[in-house]
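Okay, protein00.tsv is below, TSV, C-alpha atoms:
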```tsv
chain	number	residue	atom	x	y	z
U	2	MET	CA	100.61	127.00	87.61
U	3	SER	CA	102.55	126.52	90.78
U	4	ASP	CA	102.00	130.02	92.16
U	5	SER	CA	98.69	129.02	93.68
U	6	HIS	CA	98.20	126.01	95.85
U	7	ILE	CA	95.23	123.97	96.88
U	8	SER	CA	94.40	121.85	99.85
U	9	PRO	CA	95.99	118.45	99.24
U	10	TYR	CA	93.20	116.91	101.29
U	11	SER	CA	90.42	118.04	99.01
U	12	LEU	CA	89.85	115.35	96.40
U	13	ASN	CA	87.69	117.76	94.42
U	14	ASP	CA	90.44	120.41	94.25
U	15	LEU	CA	93.05	117.79	93.32
U	16	LYS	CA	90.94	116.47	90.47
U	17	ASN	CA	89.96	119.91	89.15
U	18	THR	CA	93.52	121.24	89.25
U	19	THR	CA	94.78	118.13	87.48
U	20	ASP	CA	92.01	118.33	84.87
U	21	ASP	CA	92.80	121.99	84.19
U	22	ALA	CA	96.52	121.25	83.95
U	23	LEU	CA	95.86	118.44	81.52
U	24	GLY	CA	93.85	120.75	79.30
U	25	ASN	CA	96.53	123.43	79.39
U	26	TYR	CA	99.28	120.88	78.67
U	27	LEU	CA	97.52	119.40	75.67
U	28	ARG	CA	96.57	122.77	74.26
U	29	GLY	CA	100.23	123.75	74.65
U	30	LEU	CA	101.19	120.71	72.60
U	31	HIS	CA	98.99	122.08	69.84
U	32	PHE	CA	96.15	119.64	70.30
U	33	LYS	CA	93.09	121.22	68.77
U	34	GLN	CA	90.34	120.95	71.38
U	35	ASP	CA	86.92	119.78	70.26
U	36	ASN	CA	84.39	121.56	72.43
U	37	SER	CA	81.28	120.30	70.67
U	38	LYS	CA	79.97	118.25	73.62
U	39	LEU	CA	80.44	121.13	76.05
U	40	ASP	CA	78.92	123.57	73.57
U	41	PHE	CA	75.83	121.38	73.23
U	42	ARG	CA	75.45	121.28	77.01
U	43	LEU	CA	75.86	125.05	77.27
U	44	ALA	CA	73.36	125.62	74.47
U	45	ILE	CA	70.72	123.39	76.07
U	46	GLY	CA	71.34	124.87	79.51
U	47	TYR	CA	71.20	128.50	78.47
U	48	THR	CA	68.10	127.89	76.33
U	49	ALA	CA	66.36	126.48	79.41
U	50	VAL	CA	67.48	129.50	81.45
U	51	ALA	CA	66.20	131.80	78.70
U	52	ILE	CA	62.78	130.10	78.78
U	53	ALA	CA	62.67	130.58	82.54
U	54	ALA	CA	63.67	134.24	82.18
U	55	VAL	CA	60.98	134.92	79.57
U	56	THR	CA	58.39	133.22	81.79
U	57	PHE	CA	59.50	135.36	84.71
U	58	VAL	CA	59.25	138.61	82.78
U	59	ALA	CA	55.90	137.70	81.24
U	60	ASP	CA	54.48	136.80	84.62
U	61	TYR	CA	55.85	139.97	86.18
U	62	LYS	CA	54.45	142.21	83.45
U	63	LEU	CA	51.14	140.50	82.60
U	64	GLY	CA	50.13	138.73	85.80
U	65	TRP	CA	49.07	135.14	86.48
U	66	ASP	CA	45.75	134.86	84.67
U	67	ALA	CA	46.96	136.13	81.32
U	68	THR	CA	50.07	133.95	81.31
U	69	LYS	CA	48.64	130.74	82.79
U	70	ASN	CA	48.64	128.69	79.59
U	71	GLY	CA	51.96	130.04	78.35
U	72	THR	CA	53.49	129.21	81.71
U	73	ALA	CA	52.24	125.64	81.50
U	74	VAL	CA	53.91	125.24	78.11
U	75	ALA	CA	57.09	126.87	79.38
U	76	VAL	CA	57.25	124.58	82.42
U	77	ALA	CA	56.88	121.52	80.20
U	78	ALA	CA	59.55	122.76	77.79
U	79	TYR	CA	61.88	123.53	80.69
U	80	ALA	CA	61.40	120.05	82.14
U	81	VAL	CA	62.21	118.46	78.77
U	82	LEU	CA	65.32	120.62	78.26
U	83	ASN	CA	66.51	119.94	81.78
U	84	GLY	CA	66.05	116.23	81.20
U	85	ILE	CA	68.12	116.39	78.04
U	86	PHE	CA	70.74	118.46	79.90
U	87	THR	CA	71.01	115.96	82.73
U	88	TYR	CA	71.09	113.00	80.34
U	89	TRP	CA	73.82	114.69	78.28
U	90	MET	CA	75.89	115.48	81.33
U	91	TYR	CA	75.69	112.04	82.90
U	92	PHE	CA	75.65	109.70	79.93
U	93	VAL	CA	77.32	111.47	77.03
U	94	GLU	CA	79.88	113.72	78.72
U	95	LYS	CA	80.47	111.31	81.59
U	96	GLY	CA	83.52	112.89	83.18
U	97	LEU	CA	84.98	114.11	79.88
U	98	ILE	CA	87.70	116.67	80.46
U	99	PHE	CA	89.44	116.92	77.09
U	100	GLU	CA	88.56	115.90	73.60
U	101	GLY	CA	90.59	116.89	70.60
U	102	SER	CA	93.00	115.87	67.90
U	103	ARG	CA	96.50	116.56	66.70
U	104	GLU	CA	97.81	115.77	63.26
U	105	GLY	CA	94.79	113.64	62.56
U	106	ARG	CA	95.06	111.61	65.77
U	107	LYS	CA	91.97	111.90	67.92
U	108	ILE	CA	92.05	111.63	71.68
U	109	SER	CA	89.37	111.65	74.33
U	110	LEU	CA	90.10	111.85	78.06
U	111	ALA	CA	87.70	111.43	80.94
U	112	SER	CA	88.65	111.51	84.58
U	113	ARG	CA	87.15	110.47	87.86
U	114	THR	CA	88.07	109.92	91.46
U	115	LYS	CA	86.90	107.43	94.05
U	116	LYS	CA	85.87	108.63	97.46
U	117	HIS	CA	88.65	108.63	100.05
U	118	THR	CA	91.20	107.36	97.49
U	119	PRO	CA	93.90	109.88	96.47
U	120	THR	CA	94.22	108.45	92.97
U	121	TYR	CA	93.56	110.02	89.59
U	122	PHE	CA	91.67	107.70	87.26
U	123	LEU	CA	91.99	108.68	83.61
U	124	THR	CA	90.06	106.93	80.84
U	125	VAL	CA	91.79	107.31	77.49
U	126	THR	CA	90.18	106.65	74.13
U	127	SER	CA	92.38	107.40	71.17
U	128	ALA	CA	93.25	106.47	67.64
U	129	LEU	CA	96.20	104.39	68.83
U	130	ASP	CA	94.69	102.53	71.75
U	131	LYS	CA	91.15	101.54	72.55
U	132	SER	CA	89.43	102.85	75.65
U	133	ARG	CA	91.43	101.99	78.75
U	134	GLU	CA	91.64	103.36	82.26
U	135	LEU	CA	94.90	104.52	83.75
U	136	ASP	CA	95.46	105.51	87.30
U	137	CYS	CA	98.16	107.29	89.21
U	138	PRO	CA	98.29	108.65	92.76
U	139	PHE	CA	97.94	112.40	93.04
U	140	THR	CA	101.14	112.45	95.07
U	141	THR	CA	103.06	111.95	91.84
U	142	TRP	CA	102.50	115.57	90.84
U	143	PHE	CA	101.33	117.34	94.01
U	144	THR	CA	103.64	118.37	96.82
U	145	GLU	CA	102.72	117.87	100.43
U	146	ASP	CA	101.66	121.52	100.62
U	147	GLY	CA	99.35	121.20	97.65
U	148	TYR	CA	101.50	122.76	94.92
U	149	PHE	CA	101.10	121.27	91.48
U	150	VAL	CA	104.31	120.31	89.72
U	151	ALA	CA	103.89	120.00	85.98
U	152	LYS	CA	106.90	117.88	85.00
U	153	PRO	CA	106.01	114.54	86.63
U	154	PHE	CA	102.43	114.93	85.46
U	155	GLN	CA	103.49	115.52	81.88
U	156	GLN	CA	105.96	112.65	82.09
U	157	TRP	CA	103.28	110.29	83.29
U	158	LEU	CA	100.89	111.37	80.55
U	159	ALA	CA	103.45	111.24	77.77
U	160	SER	CA	104.77	107.86	78.80
U	161	THR	CA	101.42	106.15	79.27
U	162	VAL	CA	99.32	107.70	76.51
U	163	ASP	CA	100.71	107.04	73.05
U	164	VAL	CA	99.17	110.03	71.30
U	165	ILE	CA	100.52	112.42	73.92
U	166	GLY	CA	103.89	110.68	73.90
U	167	GLU	CA	104.07	111.27	70.15
U	168	ALA	CA	103.42	114.95	70.65
U	169	ASP	CA	105.76	115.45	73.57
U	170	VAL	CA	108.59	113.01	73.14
U	171	LYS	CA	110.78	114.84	75.64
U	172	SER	CA	108.46	113.95	78.47
U	173	ALA	CA	107.95	110.44	77.22
U	174	VAL	CA	111.59	109.76	78.03
U	175	LYS	CA	112.09	108.56	81.56
U	176	ASP	CA	114.93	109.92	83.73
U	177	GLU	CA	117.44	107.20	84.39
U	178	THR	CA	117.08	107.79	88.11
U	179	ASP	CA	113.33	107.53	88.09
U	180	SER	CA	112.71	103.84	88.43
U	181	SER	CA	109.16	104.11	89.78
U	182	GLN	CA	107.50	104.07	86.39
U	183	VAL	CA	108.26	101.83	83.47
U	184	PRO	CA	107.73	103.36	80.05
U	185	GLU	CA	105.09	101.41	78.16
U	186	VAL	CA	105.38	103.28	74.91
U	187	GLU	CA	106.63	101.09	72.12
U	188	SER	CA	103.63	100.58	69.94
U	189	ASN	CA	103.96	103.67	67.79
U	190	GLY	CA	106.70	101.89	65.98
U	191	THR	CA	109.36	104.58	65.81
U	192	PRO	CA	112.35	104.07	68.05
U	193	SER	CA	112.37	107.77	68.84
U	194	ALA	CA	110.74	107.13	72.20
U	195	SER	CA	113.97	106.03	73.79
U	196	GLY	CA	116.51	108.66	74.74
U	197	ALA	CA	119.62	107.26	73.14
U	198	ASP	CA	118.17	107.08	69.69
U	199	ALA	CA	116.80	110.62	69.94
U	200	ARG	CA	120.26	112.01	70.28
U	201	SER	CA	121.59	110.05	67.38
U	202	LYS	CA	118.62	110.79	65.19
U	203	GLY	CA	119.26	114.50	64.87
U	204	THR	CA	115.55	115.29	64.85
U	205	LYS	CA	113.98	118.48	66.12
U	206	ARG	CA	114.53	117.16	69.62
U	207	SER	CA	118.28	117.39	69.18
U	208	LYS	CA	118.15	120.69	71.05
U	209	ARG	CA	117.76	118.61	74.16
U	210	LYS	CA	120.61	119.15	76.55
U	211	GLY	CA	122.44	116.17	78.02
T	227	MET	CA	89.28	132.54	96.14
T	228	PHE	CA	88.48	134.24	92.86
T	229	SER	CA	91.86	133.27	91.39
T	230	SER	CA	90.42	129.83	90.75
T	231	LEU	CA	87.84	131.51	88.53
T	232	ALA	CA	90.43	133.62	86.71
T	233	SER	CA	92.35	130.54	85.60
T	234	LEU	CA	89.29	129.03	83.92
T	235	GLN	CA	88.80	128.88	80.20
T	236	PRO	CA	85.88	131.07	79.02
T	237	ARG	CA	83.71	128.04	78.27
T	238	GLN	CA	84.32	126.62	81.73
T	239	LEU	CA	83.44	129.97	83.29
T	240	ALA	CA	80.25	129.95	81.24
T	241	ALA	CA	79.53	126.46	82.56
T	242	GLN	CA	79.99	127.60	86.17
T	243	VAL	CA	77.69	130.60	85.68
T	244	LEU	CA	75.19	128.29	84.01
T	245	ASN	CA	75.15	126.12	87.13
T	246	PHE	CA	74.07	129.07	89.24
T	247	ALA	CA	71.56	130.24	86.64
T	248	LEU	CA	70.06	126.74	86.56
T	249	VAL	CA	69.67	126.71	90.34
T	250	LEU	CA	67.64	129.92	90.19
T	251	SER	CA	65.63	129.01	87.12
T	252	THR	CA	64.84	125.48	88.34
T	253	ALA	CA	63.58	126.88	91.65
T	254	PHE	CA	61.43	129.38	89.78
T	255	MET	CA	60.09	126.81	87.31
T	256	LEU	CA	59.26	124.39	90.14
T	257	TRP	CA	57.22	127.17	91.72
T	258	LYS	CA	55.49	127.93	88.43
T	259	GLY	CA	54.93	124.22	87.83
T	260	LEU	CA	53.19	123.97	91.19
T	261	SER	CA	51.12	127.03	90.28
T	262	VAL	CA	50.03	125.40	87.04
T	263	PHE	CA	49.28	122.11	88.81
T	264	THR	CA	47.13	123.73	91.51
T	265	ASN	CA	45.74	126.39	89.15
T	266	SER	CA	46.60	128.97	91.78
T	267	SER	CA	48.70	132.09	91.30
T	268	SER	CA	50.30	131.52	94.69
T	269	PRO	CA	50.08	127.88	95.74
T	270	ILE	CA	51.97	128.33	99.02
T	271	VAL	CA	51.22	131.28	101.32
T	272	VAL	CA	52.30	132.37	104.78
T	273	VAL	CA	49.81	133.41	107.46
T	274	LEU	CA	50.57	137.01	108.38
T	275	SER	CA	47.99	137.77	111.07
T	276	GLY	CA	46.29	136.07	113.96
T	277	SER	CA	42.78	136.38	112.58
T	278	MET	CA	42.40	132.61	112.13
T	279	GLU	CA	43.57	131.54	115.55
T	280	PRO	CA	43.48	128.90	116.96
T	281	ALA	CA	43.37	127.14	113.59
T	282	PHE	CA	46.32	129.01	112.07
T	283	GLU	CA	48.99	131.08	113.76
T	284	ARG	CA	51.17	133.80	112.29
T	285	GLY	CA	54.04	132.12	110.44
T	286	ASP	CA	52.20	128.98	109.35
T	287	LEU	CA	52.77	127.81	105.80
T	288	LEU	CA	49.57	126.98	103.89
T	289	PHE	CA	49.20	124.79	100.80
T	290	LEU	CA	46.46	125.81	98.39
T	291	TRP	CA	44.37	124.01	95.77
T	292	ASN	CA	42.34	126.00	93.31
T	293	ARG	CA	40.62	123.33	91.23
T	294	GLY	CA	37.66	122.77	93.50
T	295	MET	CA	35.36	125.46	92.15
T	296	ASP	CA	32.36	124.48	94.27
T	297	THR	CA	33.62	125.93	97.55
T	298	GLN	CA	31.51	124.95	100.55
T	299	VAL	CA	30.67	126.88	103.71
T	300	GLY	CA	33.34	126.08	106.28
T	301	GLU	CA	36.22	125.82	103.78
T	302	ILE	CA	39.16	128.09	104.44
T	303	VAL	CA	40.08	130.18	101.40
T	304	VAL	CA	42.82	132.63	100.55
T	305	TYR	CA	41.69	135.67	98.63
T	306	ASN	CA	43.06	138.99	97.43
T	307	VAL	CA	41.12	142.14	98.15
T	308	ARG	CA	40.37	143.76	94.80
T	309	GLY	CA	42.98	146.40	94.10
T	310	LYS	CA	45.35	145.25	96.84
T	311	ASP	CA	47.98	142.55	96.71
T	312	ILE	CA	47.59	141.30	100.27
T	313	PRO	CA	46.32	137.73	100.54
T	314	ILE	CA	43.86	137.10	103.37
T	315	VAL	CA	43.15	133.69	104.86
T	316	HIS	CA	39.60	133.37	106.22
T	317	ARG	CA	36.76	130.88	106.42
T	318	VAL	CA	33.72	130.87	104.10
T	319	VAL	CA	30.58	131.59	106.14
T	320	ARG	CA	28.00	132.11	103.40
T	321	ARG	CA	27.50	131.14	99.74
T	322	PHE	CA	25.39	132.81	97.07
T	323	GLY	CA	24.84	131.44	93.60
T	324	GLY	CA	26.58	128.28	92.48
T	325	GLY	CA	25.21	125.99	89.78
T	326	SER	CA	24.46	128.13	86.74
T	327	ALA	CA	24.94	131.48	88.51
T	328	PRO	CA	28.53	132.46	89.36
T	329	LEU	CA	29.48	131.45	92.89
T	330	GLN	CA	29.88	134.25	95.42
T	331	LEU	CA	31.25	133.91	98.95
T	332	LEU	CA	31.26	135.78	102.22
T	333	THR	CA	34.18	135.14	104.53
T	334	LYS	CA	35.08	135.77	108.17
T	335	GLY	CA	38.19	135.20	110.24
T	336	ASP	CA	37.65	132.72	113.09
T	337	ASN	CA	39.28	135.11	115.51
T	338	ASN	CA	37.46	138.20	114.26
T	339	ALA	CA	34.24	139.55	115.71
T	340	ALA	CA	32.72	140.65	112.39
T	341	ASP	CA	32.69	139.18	108.89
T	342	ASP	CA	34.90	140.50	106.10
T	343	THR	CA	32.46	142.98	104.56
T	344	GLU	CA	34.58	145.85	105.83
T	345	LEU	CA	37.75	144.32	104.43
T	346	TYR	CA	36.46	144.06	100.89
T	347	ALA	CA	36.95	146.94	98.43
T	348	ARG	CA	34.46	149.79	98.50
T	349	GLY	CA	31.23	148.71	96.91
T	350	GLN	CA	32.18	145.03	97.10
T	351	ASP	CA	29.93	142.92	99.34
T	352	TYR	CA	31.14	139.44	98.45
T	353	LEU	CA	33.92	137.55	96.76
T	354	GLU	CA	33.67	136.10	93.27
T	355	ARG	CA	34.92	132.52	93.50
T	356	SER	CA	36.40	132.52	90.03
T	357	LYS	CA	38.10	135.94	90.22
T	358	ASP	CA	39.09	136.82	93.77
T	359	VAL	CA	39.92	133.49	95.38
T	360	VAL	CA	43.50	132.27	95.12
T	361	GLY	CA	42.69	128.79	96.43
T	362	SER	CA	41.37	126.74	99.34
T	363	VAL	CA	43.66	125.51	102.06
T	364	VAL	CA	44.31	121.77	101.81
T	365	GLY	CA	47.22	121.44	104.22
T	366	TYR	CA	49.62	123.38	106.37
T	367	VAL	CA	52.99	123.27	108.12
T	368	PRO	CA	53.25	125.29	111.33
T	369	PHE	CA	55.91	127.93	111.97
T	370	VAL	CA	58.06	127.29	108.86
T	371	GLY	CA	56.67	130.37	107.14
T	372	TYR	CA	58.44	132.66	109.60
T	373	VAL	CA	61.44	132.63	107.23
T	374	THR	CA	59.32	134.39	104.60
T	375	ILE	CA	58.09	136.92	107.15
T	376	LEU	CA	61.69	137.66	108.12
T	377	LEU	CA	62.74	138.01	104.49
T	378	SER	CA	59.97	140.49	103.77
T	379	GLU	CA	60.55	142.52	106.93
T	380	TYR	CA	64.33	142.63	106.46
T	381	PRO	CA	64.83	142.79	102.68
T	382	TRP	CA	68.62	142.91	102.99
T	383	LEU	CA	68.38	139.28	104.10
T	384	LYS	CA	67.17	138.34	100.63
T	385	THR	CA	70.16	140.01	98.97
T	386	ALA	CA	72.55	138.45	101.46
T	387	MET	CA	71.13	134.96	100.95
T	388	LEU	CA	71.20	135.27	97.17
T	389	GLY	CA	74.74	136.64	97.19
T	390	PHE	CA	75.96	133.84	99.43
T	391	MET	CA	74.31	131.22	97.24
T	392	ALA	CA	75.85	132.74	94.10
T	393	LEU	CA	79.33	132.63	95.62
T	394	THR	CA	79.12	129.04	96.72
T	395	VAL	CA	77.65	127.67	93.50
T	396	VAL	CA	79.91	129.54	91.08
T	397	LEU	CA	83.11	128.85	93.01
T	398	GLN	CA	82.34	125.21	93.65
T	399	ARG	CA	83.35	122.86	90.88
T	400	GLU	CA	81.89	119.41	91.25
```

Please go through the file and, once you have read it, give me the structure as structure tokens.
Amino acid sequence: MSDSHISPYSLNDLKNTTDDALGNYLRGLHFKQDNSKLDFRLAIGYTAVAIAAVTFVADYKLGWDATKNGTAVAVAAYAVLNGIFTYWMYFVEKGLIFEGSREGRKISLASRTKKHTPTYFLTVTSALDKSRELDCPFTTWFTEDGYFVAKPFQQWLASTVDVIGEADVKSAVKDETDSSQVPEVESNGTPSASGADARSKGTKRSKRKG
Amino acid sequence: MFSSLASLQPRQLAAQVLNFALVLSTAFMLWKGLSVFTNSSSPIVVVLSGSMEPAFERGDLLFLWNRGMDTQVGEIVVYNVRGKDIPIVHRVVRRFGGGSAPLQLLTKGDNNAADDTELYARGQDYLERSKDVVGSVVGYVPFVGYVTILLSEYPWLKTAMLGFMALTVVLQRE
């Protein structure tokens, strides 16, 4: 992930790289991704393209007069499909970058950026907490040259989103030296979120080196 | 540049390709929609010759309307010579028929000395309004059509433009 770098001045690149990294991270934590919304959008979009392609071929082979009425129907159908596509993209998907579940816990993440503000806004909806928006400056996980560093990003995610913190407890633990972020995770009930107890608990995380 | 594409999940790649496909198909469907609306097989044409000067110059873009079936003398029509695919833009100088009989037209370019009888196919002395005419001119934009003339005279330009568009749309993720 850090072998390629992006321009740290391009908000679009920053957001896309972060979104991709988030997807990779969660899939690595064995979150099962639910692609149904994206699949619906792809289905609608490619159907519309197929209608346009058929219209093109019919017009090319049979000429204008023979295909006039069929073309009118096709144009109307295309307009309807395109409308559904646009509606789906703007109102249903609305910035969605990951939707999935792990061990029965569902999670839905949508991201956005504000113009000229180098901050990542992440809207989390999950089984454990209702929809809320988190934000963090991109500088937390991007170097000055535009290289993405996974660890601080994963730490931020695991410590602020309960469902991710459950899955990746290692990252949910804050380094003692890192005083810039305060862990908010307490609500899942188990004391395993804090480092000291993890060591004493002898759980699967006991492989963790001092 | 392409490494950003390689790191995409297959569905995301499909979504990027879909974006480009939608650009092309929306442009095409808008054109077809205009064709259906105007009832003309080619609702926007470019003037290729100077036979209608000073009204129209080479490179002017003309907008056509094909729902006025009772074409009058003096209207400017675009027609295809039977058997050829070249549209010609000339003025109607004579009408025959109309009413119950099918309407037939004789045309002549403003800048030409003779009428179009020689331009028509062999054995054809007039145009059939319903079959040969693509539409009447209802508006025009000067000079803009030169892009089309360039694209048809240098076909590699078309490929270059399309290729450039494909690159920018597929690689851009917004």

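Computed from the coordinates, the CA of Arg355 in chain T to CA of Ser267 in chain T distance equals 14.0 Å.
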
| task | Can you check which residues of chain U have any atom within 9 Å of chain T? Use all atoms listed in the file and format it as a VMD selection string. | result | chain U and resid 5 13 to 14 17 21 36 39 to 40 42 to 43 46 to 47 49 to 54 56 to 57 64 to 66 69 to 70 72 to 73 75 to 77 79 to 80 83

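Nearest residue to Val272 in chain T, choosing from T:Trp382, T:Tyr305, T:Phe390, T:Phe289 and counting all atoms listed in the file: T:Phe289.
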
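Between CA of Leu97 in chain U and CA of Thr126 in chain U lies a distance of 10.8 Å.
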
| request: May I have the residues within 7 Å of range 362-371 of chain T as a VMD selection string, using all atoms listed in the file and disregarding those fewer than 6 positions away in the same chain? | output: chain T and resid 272 285 to 292 301 to 304
